[in-house]
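File shown: data18.txt. Contents: compact mmCIF, C-alpha atoms and all ligand atoms.
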```
# COMPACT_ATOMS: atom_id res chain seq x y z
CA MET A 54 26.96 -14.21 -7.34
CA ALA A 55 24.83 -11.29 -6.25
CA ILE A 56 23.42 -9.32 -3.32
CA GLY A 57 19.74 -10.02 -2.70
CA VAL A 58 17.50 -7.30 -1.30
CA PHE A 59 14.17 -8.39 0.12
CA ASP A 60 11.03 -6.54 1.15
CA SER A 61 7.31 -7.21 1.23
CA GLY A 62 7.01 -4.60 -1.51
CA VAL A 63 8.55 -1.43 -2.84
CA GLY A 64 9.84 -0.02 0.47
CA GLY A 65 13.14 -1.89 0.27
CA LEU A 66 13.96 0.06 -2.90
CA THR A 67 14.99 2.92 -0.59
CA VAL A 68 17.70 0.67 0.85
CA HIS A 69 18.52 -0.92 -2.51
CA ARG A 70 19.22 2.50 -4.02
CA HIS A 71 21.84 3.31 -1.39
CA LEU A 72 23.44 -0.11 -1.64
CA VAL A 73 23.73 0.25 -5.41
CA GLU A 74 25.33 3.68 -5.03
CA ARG A 75 27.82 2.25 -2.55
CA PHE A 76 28.59 -0.97 -4.46
CA PRO A 77 27.98 -0.09 -8.12
CA GLN A 78 29.91 -3.07 -9.54
CA ALA A 79 28.01 -5.67 -7.50
CA ASP A 80 25.10 -7.59 -9.02
CA PHE A 81 21.78 -7.02 -7.27
CA VAL A 82 18.53 -8.97 -7.28
CA TYR A 83 15.58 -7.23 -5.61
CA LEU A 84 12.60 -9.33 -4.55
CA ALA A 85 9.27 -7.78 -3.55
CA ASP A 86 6.78 -10.21 -2.01
CA GLN A 87 3.89 -8.13 -3.26
CA ALA A 88 1.55 -11.13 -3.40
CA ASN A 89 1.66 -11.11 0.41
CA ALA A 90 2.23 -7.42 1.19
CA PRO A 91 1.79 -5.76 3.58
CA TYR A 92 3.46 -7.83 6.28
CA GLY A 93 2.94 -5.33 9.11
CA GLY A 94 -0.45 -6.61 10.29
CA ARG A 95 0.42 -10.32 10.02
CA GLY A 96 1.24 -12.74 12.83
CA GLY A 97 4.79 -13.66 13.75
CA GLU A 98 4.83 -17.20 12.31
CA GLU A 99 3.44 -16.00 8.99
CA ILE A 100 6.12 -13.32 8.76
CA VAL A 101 8.81 -15.89 9.52
CA ASP A 102 7.47 -18.28 6.84
CA LEU A 103 7.12 -15.57 4.20
CA THR A 104 10.57 -14.17 4.93
CA ARG A 105 12.17 -17.62 4.75
CA ALA A 106 10.49 -18.24 1.39
CA GLY A 107 11.78 -14.89 0.07
CA VAL A 108 15.31 -15.60 1.25
CA ILE A 109 15.28 -19.06 -0.35
CA ARG A 110 14.06 -17.53 -3.61
CA LEU A 111 16.99 -15.08 -3.56
CA PHE A 112 19.50 -17.81 -2.62
CA ASP A 113 18.14 -19.79 -5.59
CA GLU A 114 18.77 -16.74 -7.80
CA GLY A 115 22.45 -17.05 -6.86
CA CYS A 116 22.57 -14.47 -4.06
CA ASP A 117 25.11 -15.34 -1.37
CA LEU A 118 24.05 -12.45 0.80
CA VAL A 119 20.48 -11.32 1.38
CA VAL A 120 19.64 -8.00 3.03
CA LEU A 121 16.20 -7.92 4.62
CA ALA A 122 15.30 -4.37 3.63
CA CYS A 123 12.16 -4.66 5.71
CA ASN A 124 11.94 -3.72 9.39
CA THR A 125 9.03 -6.06 9.94
CA ALA A 126 10.87 -9.10 8.55
CA ALA A 127 14.08 -8.11 10.34
CA ALA A 128 12.34 -7.46 13.68
CA VAL A 129 10.19 -10.60 13.65
CA ALA A 130 12.02 -13.21 11.55
CA LEU A 131 15.74 -12.50 11.23
CA ARG A 132 17.00 -13.93 14.51
CA ARG A 133 14.76 -17.00 14.16
CA LEU A 134 16.05 -17.72 10.66
CA GLN A 135 19.68 -17.15 11.62
CA GLN A 136 19.43 -19.40 14.66
CA THR A 137 17.07 -22.18 13.64
CA TRP A 138 17.07 -22.48 9.87
CA LEU A 139 20.16 -21.01 8.21
CA PRO A 140 22.78 -23.31 9.82
CA GLY A 141 20.92 -26.43 8.59
CA TRP A 142 20.40 -24.94 5.13
CA ARG A 143 24.13 -24.20 4.89
CA ARG A 144 25.00 -27.77 5.88
CA GLU A 145 22.58 -29.23 3.33
CA THR A 146 23.67 -27.04 0.43
CA GLY A 147 27.34 -26.56 1.31
CA ARG A 148 26.88 -22.82 0.70
CA LYS A 149 28.09 -20.13 3.08
CA ALA A 150 25.29 -17.69 2.30
CA ASN A 151 24.09 -15.22 4.94
CA VAL A 152 21.10 -13.00 5.77
CA LEU A 153 21.51 -9.52 7.26
CA GLY A 154 18.98 -7.00 8.51
CA ILE A 155 18.59 -3.24 8.71
CA ILE A 156 17.68 -2.76 12.36
CA VAL A 157 21.17 -3.30 13.81
CA PRO A 158 22.72 -0.63 11.52
CA THR A 159 19.85 1.74 12.33
CA ILE A 160 20.32 1.29 16.07
CA GLU A 161 24.07 1.80 15.67
CA ALA A 162 23.35 5.06 13.81
CA ALA A 163 20.76 6.16 16.38
CA THR A 164 22.96 5.45 19.40
CA GLY A 165 26.31 6.37 17.85
CA LEU A 166 27.62 3.11 19.33
CA PRO A 167 28.75 -0.18 17.81
CA TRP A 168 26.29 -3.05 18.30
CA GLU A 169 28.66 -4.87 20.70
CA HIS A 170 28.46 -1.94 23.13
CA GLU A 171 26.12 -2.25 26.07
CA ALA A 172 25.74 0.43 28.73
CA GLU A 173 27.69 -0.50 31.86
CA ARG A 174 26.73 2.09 34.45
CA ARG A 175 22.99 1.86 34.88
CA GLY A 176 21.03 4.13 37.14
CA GLU A 177 23.21 7.18 36.50
CA LYS A 178 21.47 10.53 36.61
CA VAL A 179 20.51 11.60 33.09
CA GLU A 180 20.88 15.35 32.58
CA LYS A 181 18.94 15.59 29.33
CA LEU A 182 16.71 12.94 27.82
CA ASP A 183 16.87 12.55 24.05
CA ILE A 184 13.45 11.45 22.80
CA LEU A 185 13.46 9.26 19.72
CA GLY A 186 10.23 8.61 17.84
CA VAL A 187 9.94 5.46 15.71
CA PHE A 188 7.24 5.25 13.04
CA SER A 189 6.74 1.62 12.04
CA THR A 190 4.33 -1.16 11.16
CA PRO A 191 2.27 -2.67 14.00
CA ALA A 192 4.40 -5.87 13.94
CA THR A 193 7.65 -3.93 14.33
CA ALA A 194 6.15 -1.78 17.09
CA ALA A 195 4.84 -4.90 18.89
CA SER A 196 8.31 -6.48 18.77
CA ARG A 197 9.61 -3.46 20.79
CA VAL A 198 12.99 -4.08 19.17
CA TYR A 199 13.95 -0.40 19.02
CA GLU A 200 12.90 0.24 22.63
CA ILE A 201 14.69 -2.84 24.00
CA GLU A 202 17.93 -2.60 22.04
CA ILE A 203 18.39 1.16 22.42
CA ASP A 204 17.60 1.01 26.13
CA LYS A 205 20.40 -1.57 26.56
CA ARG A 206 22.87 0.86 25.04
CA ARG A 207 21.87 4.40 25.97
CA GLN A 208 20.34 5.53 29.27
CA ASP A 209 19.79 9.02 27.92
CA VAL A 210 17.62 8.02 24.95
CA ALA A 211 13.91 7.24 25.38
CA VAL A 212 12.17 5.51 22.47
CA PHE A 213 8.48 5.94 21.66
CA SER A 214 7.05 3.88 18.78
CA GLU A 215 4.06 4.93 16.73
CA PRO A 216 2.47 2.04 14.82
CA CYS A 217 1.02 3.14 11.47
CA PRO A 218 -1.31 0.26 10.48
CA ASP A 219 -2.30 1.35 7.00
CA LEU A 220 0.57 3.42 5.71
CA ALA A 221 2.71 0.76 3.99
CA ARG A 222 -0.36 -0.59 2.17
CA MET A 223 -1.28 2.91 0.99
CA ILE A 224 2.23 3.54 -0.33
CA GLU A 225 2.31 0.10 -1.92
CA GLN A 226 -0.97 0.82 -3.69
CA GLY A 227 0.11 4.26 -4.90
CA ALA A 228 -2.09 6.53 -2.76
CA GLY A 229 -1.79 10.24 -3.60
CA ALA A 230 0.42 12.68 -1.67
CA ALA A 231 -2.51 14.60 -0.11
CA GLU A 232 -4.11 11.44 1.28
CA LEU A 233 -0.75 10.18 2.58
CA ALA A 234 0.09 13.56 4.13
CA LYS A 235 -3.11 13.44 6.21
CA VAL A 236 -2.26 10.00 7.58
CA VAL A 237 1.33 11.02 8.33
CA GLU A 238 0.18 14.21 10.10
CA ASP A 239 -2.26 12.18 12.14
CA HIS A 240 0.48 9.77 13.30
CA VAL A 241 2.86 12.61 14.12
CA ALA A 242 0.10 14.25 16.19
CA ARG A 243 -0.67 10.97 17.99
CA LEU A 244 2.96 10.45 18.87
CA LYS A 245 3.20 14.02 20.13
CA ALA A 246 0.10 13.52 22.27
CA ARG A 247 1.57 10.35 23.78
CA ILE A 248 4.99 11.83 24.53
CA GLY A 249 3.67 15.24 25.57
CA ARG A 250 5.88 16.94 22.99
CA HIS A 251 7.45 16.20 19.62
CA PRO A 252 10.40 13.77 19.53
CA ASP A 253 13.91 15.23 19.25
CA ARG A 254 14.78 12.80 16.46
CA ALA A 255 12.90 10.16 14.48
CA ILE A 256 13.42 6.85 12.74
CA LEU A 257 11.26 5.97 9.75
CA GLY A 258 11.21 2.35 10.91
CA CYS A 259 9.45 0.96 7.87
CA THR A 260 11.33 1.17 4.59
CA HIS A 261 8.15 2.16 2.74
CA TYR A 262 8.03 5.41 4.72
CA GLU A 263 11.37 6.56 3.34
CA ILE A 264 9.63 6.89 -0.05
CA ILE A 265 7.52 9.65 1.51
CA ALA A 266 10.18 11.01 3.88
CA ASP A 267 9.32 14.56 2.73
CA LEU A 268 5.80 14.18 4.17
CA PHE A 269 7.27 13.17 7.55
CA ARG A 270 9.69 16.12 7.39
CA ALA A 271 6.76 18.45 6.71
CA ALA A 272 4.68 17.05 9.58
CA LEU A 273 7.48 17.07 12.18
CA PRO A 274 8.90 20.34 13.54
CA PRO A 275 11.31 21.85 10.99
CA GLY A 276 14.81 20.39 11.18
CA THR A 277 13.89 17.28 13.21
CA PRO A 278 16.74 14.89 12.36
CA LEU A 279 15.64 11.62 10.71
CA ILE A 280 18.01 8.68 11.21
CA HIS A 281 18.65 7.54 7.66
CA GLN A 282 18.19 3.78 7.57
CA PRO A 283 19.33 3.23 3.94
CA GLN A 284 22.56 5.12 4.61
CA ALA A 285 23.15 3.29 7.89
CA THR A 286 22.61 -0.05 6.12
CA ALA A 287 25.04 0.81 3.29
CA ASP A 288 27.67 1.85 5.88
CA ALA A 289 27.18 -1.37 7.83
CA LEU A 290 27.40 -3.51 4.70
CA ALA A 291 30.69 -1.83 3.71
CA ARG A 292 32.08 -2.74 7.15
CA TYR A 293 30.71 -6.30 6.76
CA PHE A 294 32.54 -6.75 3.45
CA GLU A 295 35.78 -5.55 5.05
CA ARG A 296 35.41 -8.31 7.64
CA HIS A 297 34.20 -10.87 5.07
CA PRO A 298 36.12 -10.39 1.84
CA GLU A 299 35.24 -14.00 0.93
CA PHE A 300 31.76 -12.92 -0.21
CA ASP A 301 31.56 -12.80 -3.98
CA VAL A 302 28.87 -10.26 -4.85
CA GLY A 303 29.44 -10.21 -8.60
CA SER A 304 31.07 -7.57 -10.75
CA ASP A 305 28.75 -7.01 -13.72
CA GLY A 306 26.59 -4.31 -12.14
CA GLY A 307 23.53 -6.50 -12.80
CA ARG A 308 20.14 -5.22 -11.59
CA ARG A 309 17.05 -7.42 -11.50
CA PHE A 310 13.70 -6.61 -9.91
CA LEU A 311 11.38 -9.50 -9.14
CA THR A 312 7.91 -9.60 -7.67
CA THR A 313 5.67 -12.39 -6.42
CA GLY A 314 2.77 -10.09 -7.33
CA THR A 315 1.76 -8.61 -10.65
CA PRO A 316 4.77 -7.91 -12.86
CA GLY A 317 5.06 -4.61 -14.69
CA VAL A 318 5.61 -0.94 -13.96
CA GLN A 319 5.33 0.11 -10.31
CA ASN A 320 3.01 2.92 -9.17
CA ALA A 321 3.44 6.70 -9.64
CA GLN A 322 4.73 7.25 -6.10
CA VAL A 323 7.55 4.76 -6.85
CA THR A 324 8.25 6.38 -10.24
CA THR A 325 8.65 9.77 -8.54
CA PHE A 326 10.94 8.34 -5.88
CA TRP A 327 12.96 6.29 -8.38
CA GLY A 328 13.18 9.10 -10.92
CA ALA A 329 11.91 6.87 -13.76
CA PRO A 330 9.35 4.11 -14.27
CA LEU A 331 10.53 0.86 -12.68
CA THR A 332 9.46 -2.48 -14.14
CA PHE A 333 9.41 -5.70 -12.10
CA GLU A 334 9.59 -9.23 -13.58
CA ALA A 335 7.54 -12.17 -12.27
CA ALA A 336 9.48 -14.02 -9.56
N1 LIG B 401 8.72 -2.15 4.28
C1 LIG B 401 8.47 -3.00 5.35
C2 LIG B 401 9.05 -2.57 6.66
O1 LIG B 401 10.10 -1.95 6.66
C3 LIG B 401 7.19 -3.75 5.39
C4 LIG B 401 5.91 -3.02 5.41
C5 LIG B 401 4.76 -4.01 5.39
O2 LIG B 401 4.81 -4.92 4.57
O3 LIG B 401 3.85 -3.85 6.21
O4 LIG B 401 8.53 -2.86 7.71
```

Would you mind writing the file out in structure tokens?
Ligand code: DGL
Amino acid sequence: MAIGVFDSGVGGLTVHRHLVERFPQADFVYLADQANAPYGGRGGEEIVDLTRAGVIRLFDEGCDLVVLACNTAAAVALRRLQQTWLPGWRRETGRKANVLGIIVPTIEAATGLPWEHEAERRGEKVEKLDILGVFSTPATAASRVYEIEIDKRRQDVAVFSEPCPDLARMIEQGAGAAELAKVVEDHVARLKARIGRHPDRAILGCTHYEIIADLFRAALPPGTPLIHQPQATADALARYFERHPEFDVGSDGGRRFLTTGTPGVQNAQVTTFWGAPLTFEAA
């Protein structure tokens, strides 16, 4: 058996890399739905359908656990799939497979609180407001998942999302650093204009953006902490395996990279991030 990692494209590699470091013996299958990327400008039902198809593909590859390493899929589709589709699929197949996301671990890291925690004393005077900026796809921003879930847990954190409509596509298609830097600077400036100042901390709420985290660091005031989603996801998965030792995630250290798009070597931006050319097989 194996751990499946799913994204619309190459962004989920940022999460995959941390999972592999944390669980080196486990077998991993990465699936990029590049035929349909980017997801961030699509409608909700489409994102649900595409995500379900990706998860089924990974279950068919023998994955018992699939991590949606995509904020857009996790924000829009995860709950729907867990509530309305997965239970029936488990009954039909007799398998106990599961799908996990990356937003819950990120919110836990951003709030410093376990997911189960909800703020009890509302309306208390807040001495100092911690402003958290979230850069994401339009679909993730429209879901308001970060705003809603963080507000339930922390009265002293205010979330401002900045949708970046074209950025994942540009990264996916291997745009150059100078071109990407301009777009990142523009979004950082827009967010600043909306808040009235720079955020105190930021979440790169689209896994593609982690590939160009250095450009965000350069555009934000020096030292602005970035909540590290891949790290938070690896930590959460380690805790999940402690609670669910029954999951067999393989022991051969297998690594497969599949794409619904054009197989072959991924773009230069990905090679730089990965440290070597990375070749995907046809899914
Ligand atoms: N990497 C994805 C995310 O975290 C998807 C980007 C896209 O396909 O638009 O949202």

Surrounding residues of Leu121 of chain A excluding itself and chain neighbours under 5 positions, 10 Å, all atoms listed in the file, as a PyMOL selection string: chain A and resi 57-61+65+68+84+104+107-108+126-128+130-131+152-156

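Between atom CA of Leu279 of chain A and atom CA of Ala266 of chain A lies a distance of 8.8 Å.
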
Protein and nucleic acid residues near (14.3, 3.6, -8.9) (cut-off 12 Å, only C-alpha atoms) as JSON, numbers by chain: {"A": [63, 64, 65, 66, 67, 68, 69, 70, 71, 73, 74, 83, 264, 308, 309, 310, 318, 319, 320, 321, 322, 323, 324, 325, 326, 327, 328, 329, 330, 331, 332, 333]}

Test item: residues at most 6 Å from Ala336 of chain A, all atoms listed in the file, excluding those fewer than 2 positions along its chain, as an MDAnalysis selection string: chainID A and resid 311:313

Point-to-point distance from atom CA of Glu180 of chain A to atom CA of Pro167 of chain A, Å rounded to tenths: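 Straight-line distance from atom CA of Glu180 of chain A to atom CA of Pro167 of chain A works out to 22.8 Å.
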
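The list of residues with at least one atom within 12 Å of Glu238 of chain A, based on all atoms listed in the file and without residues fewer than 6 positions apart in the same chain, reads Phe188, Cys217, Leu220, Ala230, Ala231, Glu232, Leu244, Lys245, Asp267, Leu268, Phe269, Arg270, Ala271, Ala272, Leu273 and Pro274 of chain A.
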
Near-Tyr92 of chain A list (9 Å; only C-alpha atoms; drop same-chain fewer than 2 positions) as a ChimeraX atom specification: /A:61,89-90,94-96,99-100,103,125-126,190,192,221

Coordinates of box centre and edge lengths for segment 145-151 of chain A, 5 Å on every side, axis-aligned, as AutoDock Vina command-line options:
```
--center_x 25.3 --center_y -22.2 --center_z 2.7 --size_x 15.5 --size_y 24.0 --size_z 14.5
```

Nearest to ligand LIG 401 (chain B), chosen from A:Ile224, A:Leu185, A:Val302, A:Ala79, with all atoms listed in the file counted in the distances: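 Between A:Ile224, A:Leu185, A:Val302, A:Ala79, the residue approaching ligand LIG 401 (chain B) most closely is A:Ile224.
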
Option closest in space to ligand LIG 401 (chain B), from A:Gly306, A:Gly165, A:Pro283, A:Pro77 [counting all atoms listed in the file]: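 The closest residue to ligand LIG 401 (chain B) is A:Pro283.
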
From A:Lys235, A:Arg292, A:Arg222, A:Arg250, residue lying nearest ligand LIG 401 (chain B) [only C-alpha atoms and all ligand atoms]: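 Among A:Lys235, A:Arg292, A:Arg222, A:Arg250, it is A:Arg222 that comes nearest to ligand LIG 401 (chain B).
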
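Straight-line separation from atom CA of Ala255 of chain A to atom CA of Ile280 of chain A: 6.2 Å.
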
Closest of A:Asp86, A:Asp209, A:Asp117, A:Asp183 to Lys149 of chain A - atom-to-atom distances counting all atoms listed in the file: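 Counting all atoms listed in the file, the residue closest to Lys149 of chain A is A:Asp117.
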
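Considering only C-alpha atoms, the residue among A:Asp102, A:Ala85, A:Phe300, A:Leu72 positioned nearest to Glu334 of chain A is A:Ala85.
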
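Here the question is which of A:Glu177, A:Arg247, A:Val82, A:Asp239 gets nearest to Leu111 of chain A using only C-alpha atoms, and that residue is A:Val82.
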
Residue neighbourhood Ala194 of chain A, 12 Å, all atoms listed in the file, exclusion window fewer than 5 positions, as a list in words: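 Answer for this query is Gly93, Gly94, Asn124, Thr125, Ala128, Val129, Gly186, Val187, Phe188, Ser189, Tyr199, Glu200, Ile201, Val212, Phe213, Ser214, Glu215, Pro216, Cys217, Pro218, Leu257, Gly258 and Cys259 of chain A.
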
Since the input is missing atoms for segment 199-210 of chain A, could you rebuild it with all heavy atoms and give the result as a short mmCIF file (atom, residue, chain, number, x, y, z; two decimals), in the coordinates of the input?
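Writing done, so here's rebuild24.cif:
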```cif
data_model
loop_
_atom_site.label_atom_id
_atom_site.label_comp_id
_atom_site.auth_asym_id
_atom_site.auth_seq_id
_atom_site.Cartn_x
_atom_site.Cartn_y
_atom_site.Cartn_z
N TYR A 199 13.21 -1.67 18.87
CA TYR A 199 13.95 -0.40 19.02
C TYR A 199 14.02 0.01 20.49
O TYR A 199 15.07 0.43 20.97
CB TYR A 199 13.30 0.69 18.15
CG TYR A 199 13.63 0.52 16.68
CD1 TYR A 199 12.69 0.02 15.77
CD2 TYR A 199 14.89 0.84 16.20
CE1 TYR A 199 13.01 -0.15 14.43
CE2 TYR A 199 15.22 0.67 14.86
CZ TYR A 199 14.28 0.19 13.98
OH TYR A 199 14.61 0.02 12.66
N GLU A 200 12.92 -0.12 21.21
CA GLU A 200 12.90 0.24 22.63
C GLU A 200 13.93 -0.60 23.41
O GLU A 200 14.75 -0.08 24.16
CB GLU A 200 11.51 -0.01 23.26
CG GLU A 200 10.45 0.99 22.90
CD GLU A 200 9.72 0.66 21.59
OE1 GLU A 200 10.27 -0.06 20.75
OE2 GLU A 200 8.59 1.15 21.43
N ILE A 201 13.87 -1.92 23.20
CA ILE A 201 14.69 -2.84 24.00
C ILE A 201 16.17 -2.64 23.69
O ILE A 201 17.00 -2.50 24.59
CB ILE A 201 14.26 -4.30 23.74
CG1 ILE A 201 12.85 -4.54 24.28
CG2 ILE A 201 15.26 -5.30 24.34
CD1 ILE A 201 12.19 -5.84 23.81
N GLU A 202 16.51 -2.62 22.41
CA GLU A 202 17.93 -2.60 22.04
C GLU A 202 18.56 -1.22 22.32
O GLU A 202 19.73 -1.16 22.68
CB GLU A 202 18.11 -3.00 20.57
CG GLU A 202 17.66 -4.44 20.28
CD GLU A 202 18.45 -5.50 21.04
OE1 GLU A 202 19.56 -5.20 21.53
OE2 GLU A 202 17.95 -6.64 21.18
N ILE A 203 17.81 -0.16 22.14
CA ILE A 203 18.39 1.16 22.42
C ILE A 203 18.52 1.37 23.92
O ILE A 203 19.52 1.89 24.41
CB ILE A 203 17.57 2.28 21.73
CG1 ILE A 203 17.79 2.16 20.20
CG2 ILE A 203 17.98 3.67 22.23
CD1 ILE A 203 16.99 3.10 19.34
N ASP A 204 17.54 0.88 24.67
CA ASP A 204 17.60 1.01 26.13
C ASP A 204 18.81 0.28 26.71
O ASP A 204 19.39 0.70 27.71
CB ASP A 204 16.30 0.48 26.75
CG ASP A 204 16.27 0.73 28.24
OD1 ASP A 204 16.37 1.92 28.62
OD2 ASP A 204 16.19 -0.24 29.01
N LYS A 205 19.22 -0.84 26.08
CA LYS A 205 20.40 -1.57 26.56
C LYS A 205 21.68 -0.76 26.39
O LYS A 205 22.67 -1.02 27.04
CB LYS A 205 20.59 -2.85 25.71
CG LYS A 205 19.77 -4.02 26.10
CD LYS A 205 20.26 -5.21 25.28
CE LYS A 205 19.18 -6.24 25.11
NZ LYS A 205 19.49 -7.15 24.00
N ARG A 206 21.63 0.17 25.43
CA ARG A 206 22.87 0.86 25.04
C ARG A 206 22.97 2.31 25.52
O ARG A 206 24.06 2.80 25.75
CB ARG A 206 23.01 0.81 23.52
CG ARG A 206 23.29 -0.60 23.05
CD ARG A 206 23.09 -0.81 21.57
NE ARG A 206 23.50 -2.17 21.24
CZ ARG A 206 22.73 -3.25 21.41
NH1 ARG A 206 21.49 -3.13 21.86
NH2 ARG A 206 23.20 -4.45 21.14
N ARG A 207 21.83 2.97 25.62
CA ARG A 207 21.87 4.40 25.97
C ARG A 207 20.80 4.71 27.02
O ARG A 207 19.61 4.57 26.76
CB ARG A 207 21.60 5.26 24.72
CG ARG A 207 22.72 5.26 23.68
CD ARG A 207 23.83 6.24 24.01
NE ARG A 207 23.38 7.61 24.10
CZ ARG A 207 23.50 8.51 23.12
NH1 ARG A 207 24.05 8.17 21.97
NH2 ARG A 207 23.08 9.74 23.29
N GLN A 208 21.27 5.16 28.19
CA GLN A 208 20.34 5.53 29.27
C GLN A 208 19.67 6.87 29.01
O GLN A 208 18.67 7.21 29.63
CB GLN A 208 21.08 5.62 30.60
CG GLN A 208 21.90 4.39 30.93
CD GLN A 208 21.04 3.17 31.04
OE1 GLN A 208 20.24 3.07 31.96
NE2 GLN A 208 21.17 2.25 30.10
N ASP A 209 20.28 7.65 28.13
CA ASP A 209 19.79 9.02 27.92
C ASP A 209 18.91 9.14 26.68
O ASP A 209 18.62 10.24 26.23
CB ASP A 209 20.99 9.98 27.80
CG ASP A 209 21.94 9.57 26.70
OD1 ASP A 209 21.90 8.39 26.28
OD2 ASP A 209 22.71 10.41 26.23
N VAL A 210 18.52 7.98 26.11
CA VAL A 210 17.62 8.02 24.95
C VAL A 210 16.34 7.26 25.31
O VAL A 210 16.41 6.12 25.78
CB VAL A 210 18.27 7.37 23.70
CG1 VAL A 210 17.31 7.42 22.51
CG2 VAL A 210 19.58 8.06 23.34
#
```
